[in-house]
Each structure stands twice: as structure tokens, then as C-alpha cells.
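Asks: Data file start03.cif (mmCIF, C-alpha atoms) is appended below.
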```cif
data_entry
loop_
_atom_site.label_atom_id
_atom_site.label_comp_id
_atom_site.auth_asym_id
_atom_site.auth_seq_id
_atom_site.Cartn_x
_atom_site.Cartn_y
_atom_site.Cartn_z
CA MET A 60 25.20 -2.93 -6.44
CA THR A 61 22.87 -5.65 -7.67
CA SER A 62 23.81 -7.01 -11.04
CA MET A 63 21.27 -6.58 -13.79
CA THR A 64 21.67 -10.23 -14.70
CA ALA A 65 21.65 -11.58 -11.15
CA LYS A 66 18.38 -13.28 -10.25
CA HIS A 67 16.89 -12.94 -6.78
CA LYS A 68 16.76 -16.25 -4.98
CA GLU A 69 12.97 -15.93 -4.68
CA GLN A 70 12.46 -14.82 -8.25
CA LYS A 71 9.93 -16.76 -10.25
CA GLN A 72 11.14 -18.56 -13.34
CA GLY A 73 9.75 -16.89 -16.42
CA PHE A 74 7.03 -14.30 -16.62
CA THR A 75 4.27 -13.65 -19.09
CA PHE A 76 1.24 -11.45 -18.66
CA THR A 77 -2.06 -13.23 -18.14
CA LYS A 78 -4.84 -12.69 -20.65
CA GLU A 79 -6.51 -10.16 -18.37
CA TYR A 80 -3.33 -8.17 -17.86
CA MET A 81 -2.34 -8.49 -21.52
CA GLU A 82 -5.51 -6.63 -22.52
CA LYS A 83 -4.38 -3.74 -20.32
CA VAL A 84 -0.84 -3.96 -21.71
CA ASN A 85 -2.14 -3.66 -25.27
CA TYR A 86 -4.37 -0.75 -24.22
CA HIS A 87 -1.39 1.24 -22.96
CA ILE A 88 0.88 0.35 -25.88
CA ALA A 89 -1.82 1.45 -28.34
CA LYS A 90 -1.74 4.99 -26.89
CA TYR A 91 1.55 5.71 -28.61
CA PRO A 92 2.44 5.88 -32.34
CA GLN A 93 4.47 3.20 -34.03
CA GLY A 94 8.07 3.34 -32.89
CA ARG A 95 7.22 5.13 -29.62
CA GLN A 96 5.94 2.14 -27.66
CA ALA A 97 8.74 2.56 -25.10
CA SER A 98 6.68 5.41 -23.66
CA ALA A 99 4.39 2.76 -22.15
CA VAL A 100 7.16 1.41 -19.92
CA ILE A 101 5.84 2.90 -16.65
CA PRO A 102 2.24 1.57 -16.91
CA LEU A 103 3.61 -1.81 -18.00
CA LEU A 104 5.95 -1.90 -15.00
CA ASP A 105 2.97 -1.15 -12.77
CA LEU A 106 0.94 -3.96 -14.35
CA GLY A 107 3.88 -6.36 -14.15
CA GLN A 108 4.46 -5.54 -10.50
CA ARG A 109 0.79 -6.08 -9.61
CA GLN A 110 0.61 -9.45 -11.37
CA ASN A 111 3.96 -10.51 -9.88
CA GLY A 112 2.92 -10.12 -6.24
CA GLY A 113 4.10 -6.58 -5.63
CA TRP A 114 7.59 -6.51 -7.08
CA VAL A 115 9.40 -6.23 -10.41
CA SER A 116 11.58 -9.26 -11.00
CA GLN A 117 14.22 -9.62 -13.69
CA ASP A 118 11.80 -11.80 -15.65
CA VAL A 119 9.20 -9.03 -15.54
CA ILE A 120 11.76 -6.55 -16.82
CA GLU A 121 12.80 -8.81 -19.67
CA GLU A 122 9.20 -9.50 -20.71
CA ILE A 123 8.40 -5.78 -20.78
CA ALA A 124 11.58 -5.11 -22.76
CA ARG A 125 10.51 -7.76 -25.29
CA LEU A 126 7.02 -6.31 -25.64
CA LEU A 127 8.29 -2.75 -26.04
CA GLU A 128 11.27 -3.71 -28.20
CA MET A 129 13.73 -1.88 -25.97
CA PRO A 130 16.88 -2.96 -24.08
CA ALA A 131 16.21 -4.58 -20.71
CA ILE A 132 18.67 -2.22 -19.06
CA ARG A 133 16.46 0.72 -20.06
CA VAL A 134 13.45 -0.89 -18.38
CA HIS A 135 15.57 -1.61 -15.31
CA GLU A 136 16.72 2.04 -15.17
CA VAL A 137 13.11 3.24 -15.00
CA ALA A 138 12.15 0.64 -12.40
CA ALA A 139 15.18 1.53 -10.26
CA PHE A 140 14.50 5.28 -10.42
CA TYR A 141 10.96 5.33 -8.98
CA THR A 142 10.25 4.15 -5.44
CA MET A 143 6.82 2.96 -6.59
CA PHE A 144 8.57 -0.05 -8.14
CA ASN A 145 10.06 -2.69 -5.89
CA LEU A 146 13.05 -4.64 -7.14
CA LYS A 147 12.80 -7.30 -4.45
CA PRO A 148 9.87 -9.15 -2.85
CA VAL A 149 7.70 -7.18 -0.45
CA GLY A 150 5.08 -8.14 2.10
CA LYS A 151 1.39 -8.62 1.41
CA TYR A 152 1.03 -5.17 2.98
CA HIS A 153 3.84 -2.95 1.75
CA ILE A 154 4.26 0.02 4.11
CA GLN A 155 5.74 3.19 2.65
CA LEU A 156 6.41 5.67 5.44
CA CYS A 157 6.94 9.30 4.46
CA GLY A 158 10.08 10.71 6.06
CA THR A 159 10.13 14.16 4.48
CA THR A 160 10.29 17.27 6.69
CA PRO A 161 6.57 17.85 7.51
CA CYS A 162 6.07 14.18 8.42
CA MET A 163 9.38 14.10 10.29
CA LEU A 164 8.35 17.12 12.37
CA ARG A 165 5.01 15.48 13.12
CA GLY A 166 6.42 12.20 14.39
CA ALA A 167 7.39 10.03 11.41
CA GLU A 168 10.51 8.83 13.23
CA GLU A 169 8.39 7.60 16.12
CA LEU A 170 6.09 5.79 13.70
CA LYS A 171 9.04 4.08 12.03
CA SER A 172 10.55 3.01 15.35
CA ALA A 173 7.22 1.64 16.57
CA CYS A 174 6.65 -0.23 13.30
CA MET A 175 10.16 -1.75 13.28
CA LYS A 176 9.76 -2.86 16.87
CA LYS A 177 6.28 -4.26 16.27
CA LEU A 178 7.26 -6.23 13.16
CA ASN A 179 10.82 -6.97 14.28
CA ILE A 180 12.23 -5.79 10.98
CA GLY A 181 14.61 -3.12 9.77
CA GLU A 182 13.95 -0.57 7.07
CA GLY A 183 13.55 -2.41 3.78
CA GLY A 184 12.80 -5.66 5.58
CA VAL A 185 9.91 -8.13 5.38
CA SER A 186 8.24 -9.59 8.47
CA ALA A 187 8.81 -13.27 9.24
CA ASP A 188 5.25 -14.18 8.22
CA GLY A 189 5.62 -12.31 4.92
CA LYS A 190 2.66 -10.06 5.63
CA PHE A 191 4.44 -6.74 6.04
CA SER A 192 7.38 -4.87 4.58
CA LEU A 193 8.60 -1.39 5.46
CA MET A 194 10.28 1.29 3.40
CA GLU A 195 10.84 4.99 4.09
CA VAL A 196 10.09 7.14 1.05
CA GLU A 197 10.27 10.77 0.08
CA CYS A 198 7.23 13.03 0.04
CA LEU A 199 3.86 11.28 -0.33
CA GLY A 200 2.25 14.63 -1.08
CA ALA A 201 -0.12 14.86 1.91
CA CYS A 202 1.86 17.25 4.15
CA VAL A 203 -1.19 18.83 5.83
CA ASN A 204 -2.18 15.43 7.17
CA ALA A 205 1.28 14.47 8.41
CA PRO A 206 2.50 12.01 9.46
CA VAL A 207 1.38 9.88 6.55
CA VAL A 208 1.86 6.23 5.64
CA GLN A 209 0.90 4.48 2.43
CA ILE A 210 0.00 0.79 2.63
CA ASN A 211 -0.40 -0.74 -0.82
CA ASP A 212 -2.67 1.74 -2.63
CA ASP A 213 -4.19 3.42 0.44
CA TYR A 214 -3.15 6.43 2.53
CA PHE A 215 -3.34 6.56 6.34
CA GLU A 216 -3.00 10.09 7.73
CA ASP A 217 -2.76 12.06 10.99
CA LEU A 218 -1.23 9.01 12.63
CA THR A 219 0.24 8.47 16.04
CA SER A 220 2.37 5.48 17.00
CA GLU A 221 -0.66 3.99 18.73
CA SER A 222 -3.09 4.43 15.82
CA PHE A 223 -0.46 3.14 13.38
CA ILE A 224 0.13 -0.03 15.39
CA THR A 225 -3.63 -0.56 15.64
CA ILE A 226 -3.83 -0.50 11.83
CA ILE A 227 -1.02 -3.05 11.59
CA ASP A 228 -2.74 -5.30 14.14
CA ASP A 229 -6.06 -5.07 12.31
CA LEU A 230 -4.47 -5.91 8.96
CA ALA A 231 -2.59 -8.84 10.50
CA ASN A 232 -5.88 -10.15 11.89
CA GLY A 233 -7.74 -9.72 8.61
CA LYS A 234 -9.91 -6.88 9.84
CA ASP A 235 -11.13 -3.96 7.79
CA VAL A 236 -9.22 -0.75 8.38
CA LYS A 237 -10.25 2.86 7.95
CA THR A 238 -8.21 4.70 5.34
CA GLY A 239 -7.57 8.46 5.33
CA SER A 240 -7.35 10.61 8.45
CA ALA A 241 -7.16 8.86 11.80
CA ILE A 242 -8.67 11.89 13.56
CA GLY A 243 -11.65 12.39 11.27
CA ARG A 244 -10.21 15.31 9.34
CA GLN A 245 -11.88 15.80 5.98
CA CYS A 246 -9.41 16.23 3.12
CA SER A 247 -7.01 18.96 4.28
CA ALA A 248 -9.46 20.92 6.41
CA PRO A 249 -8.18 22.35 9.73
CA ALA A 250 -7.93 19.52 12.23
CA LEU A 251 -9.73 21.36 15.04
CA VAL A 252 -12.74 22.32 12.94
CA PRO A 253 -13.86 19.30 10.90
CA MET A 254 -16.05 20.35 8.00
CA SER A 255 -18.73 17.89 9.08
CA ASN A 256 -19.19 19.84 12.33
CA THR A 257 -19.03 23.31 10.89
CA LYS A 258 -22.75 23.61 10.25
CA THR A 259 -23.83 22.22 13.59
CA GLU A 260 -21.35 24.26 15.62
CA ALA A 261 -22.04 27.56 13.90
CA LYS A 262 -24.32 29.90 15.82
CA PRO A 263 -27.59 30.69 14.05
CA LYS A 264 -27.67 34.15 12.60
CA ALA A 265 -30.19 36.57 14.09
CA PRO A 266 -32.87 37.61 11.63
CA ARG A 267 -32.19 40.96 10.08
CA ALA A 268 -34.63 43.74 10.86
CA LYS A 269 -36.35 45.23 7.91
CA LYS A 270 -35.26 48.67 6.92
CA THR A 271 -37.76 51.27 7.88
CA ASP A 272 -38.19 54.91 7.17
CA SER A 273 -37.15 56.78 10.30
CA LYS A 274 -39.47 59.69 9.45
CA THR A 275 -42.64 57.63 9.18
CA SER A 276 -42.13 54.55 11.29
CA ASP A 277 -42.21 54.17 15.02
CA THR A 278 -39.62 51.89 16.62
CA PRO A 279 -40.23 49.88 19.82
CA LYS A 280 -37.78 52.17 21.64
CA LYS A 281 -39.77 55.25 20.71
CA ARG A 282 -43.01 53.58 21.73
CA THR A 283 -41.52 52.78 25.14
CA ARG A 284 -40.53 56.41 25.52
CA LYS A 285 -44.03 57.59 24.72
CA VAL A 286 -45.47 55.29 27.36
CA LYS A 287 -43.18 56.75 29.98
CA ASP A 288 -44.04 60.27 28.95
CA ALA A 289 -47.73 59.46 29.22
CA GLU A 290 -47.24 58.08 32.73
#
```
Here is the file; what I need is its structure written in the form of C-alpha cells.
Replies:
Amino acid sequence: MTSMTAKHKEQKQGFTFTKEYMEKVNYHIAKYPQGRQASAVIPLLDLGQRQNGGWVSQDVIEEIARLLEMPAIRVHEVAAFYTMFNLKPVGKYHIQLCGTTPCMLRGAEELKSACMKKLNIGEGGVSADGKFSLMEVECLGACVNAPVVQINDDYFEDLTSESFITIIDDLANGKDVKTGSAIGRQCSAPALVPMSNTKTEAKPKAPRAKKTDSKTSDTPKKRTRKVKDAE
């Protein structure tokens, strides 16, 4: 188990929030009454992680503890509990692969194997160029669109090994990537009937005939009958 006082070899020396981030820190602290500032620990950890290159170092933890006037071990406990906080350096693109049952049944294991082979890393590892890191996480909350991967703040859904590797290649080459469903699904709509096609694929409804009084009106069928009778 990593010691609370042990510093990672890549850890930066000292940490203070920049002016821009400090404004956000003060905003979150001000939400809570005097003496309850510790309630802002999660948003401050998020801000600290973002400013610190994607991970929460010991220096970040100690600075947040100082600002919130709480023991550093309490801040560490929160950071260690949630997978959204990384306690060691991650890649520029941090891949969180959902391994919960729906994603597992839809091929998450294949995605993980393909990713590990592509990047030559193990689970929890960082690629040699520092661009990518991989971690399997519990439910990402997008089961309908399984398998799902989160890269930084974006979701990539309905993936196959091939489409996932294409995303990794595009990110590595600095290309723009399409977030959301890889098959064009909208939100959680059925995959085979995209909502965008529903209107164009639907057959036009036949115009309704006006109601007529059977005693006074003459229908085309009756008129045809009369013509035959006359002949």
C-alpha cells in the first residue's frame, strides 16, 4: 500500500492553485457555511487534478487540506475512494474502459486486449510516449450503448475493437475524433432504427376519407353498381 507521506518520483515539488483556478476554488468554498468548508473537497480535488496534469499528487492533497482546514489524510481518503481521481500520473489521453456486465457482454474484454496490444501497456499503465493511459472502471452509466470508453471528459460508445483503435490512432496523430456513438445511434435510441431516419423511413399515411351519411350519400362502389345495372 502506498504510504500517505511517500512522494511519487514524478511528483512536482509544491503546488498552489493559479489565480484562475483559485477563483473557482473560492467559488466552491463559498457555497458552504463557516465551519463546513470540508464539503468542498470533491470539487477542489477535481480542480487540483485538472491543473496538475490529470492526477492528484501529495502536494495537491496537502494544499487542499490547508485551504479546507482539514487533515490531509481525510482528503487522501476521498481521492482514493473515487476512480475519477488519479493518484499517479496518467497519459495526455486517459482511457477509462467500462468493464461492468453490459459492457463485458458486448465486448469490453476485446476492447481492452486490443488497446493493451496497441499501446503495449498493461492495465493501469502509461504508453511510452506518455500520450495514453488505460484503466478499467466500474459502470460508466451508458449501458444501452455498450461497450463504452471514456477518454478524458468524453464518452465513446457502441465501439468495436476496430473503431476503438481508430480513435486511438486519430488522437495519437492529433486528429479530431467523433464522440458519442460509433454507429450513429442517437442517445439511447434503438440501434437499428436511428431517430434521424425515422421520419424518412416511415410510410406516408393515406388520407382519411370523410365520414358520410350512408342514407344520403352515394359511394363510388354504389355508382359502379348502378352503371352495371344500366348496362
Asks: Which polymer residues have any atom within 12 Å of an atom of A:Ala187, counting only C-alpha atoms, with same-chain residues fewer than 3 positions away left out, as a ChimeraX atom specification?
Replies: /A:149-151,177-181,184,190-192
Asks: Counting all atoms listed in the file, which of A:Cys157, A:Val134, A:Ile227, A:Leu126 gets nearest to A:Met81?
Replies: A:Leu126
Asks: For A:Pro130, list every protein, DNA or RNA residue within 10 Å, evaluated using all atoms listed in the file, and leave out those in the same chain fewer than 6 positions away; present the list as a list in words.
Replies: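 Listing them by chain and then by number gives Ala97, Ile120, Glu121, Ile123 and Ala124 of chain A.
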Asks: Which of these, A:Val100, A:Ile242, A:Leu156, A:Cys198, has the shortest distance to A:Glu168 once you count only C-alpha atoms?
Replies: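 Among the listed residues, A:Leu156 lies closest to A:Glu168.
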Asks: Could you check which of A:Ile210, A:Val137, A:Ser116, A:Tyr152 is closest to A:Gly189, using all atoms listed in the file?
Replies: A:Tyr152
Asks: Decode the PyMOL selection byres ((chain A and resi 75-77) around 9) for the given file into explicit residues and return them as a list in words.
Replies: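 For this structure, the PyMOL selection byres ((chain A and resi 75-77) around 9) resolves to Gly73, Phe74, Lys78, Glu79, Tyr80, Met81, Glu82, Val84, Leu106, Gly107, Gln110, Asp118, Val119 and Glu122 of chain A.
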Asks: Applying the PyMOL selection byres ((chain A and resi 212) around 10) to the file I just gave you, which residues come out? Please list them as a PyMOL selection string.
Replies: chain A and resi 152-154+209-211+213-214
Asks: Would you be able to write out as a ChimeraX atom specification which residues have an atom within 6 Å of (11.6, 2.5, 8.6) in the file's coordinates, counting all atoms listed in the file?
Replies: /A:171,182,193-195
Asks: In Å, rounded to a single decimal, give me how far atom CA of A:Ile101 is from atom CA of A:Asn85.
Replies: 13.5 Å
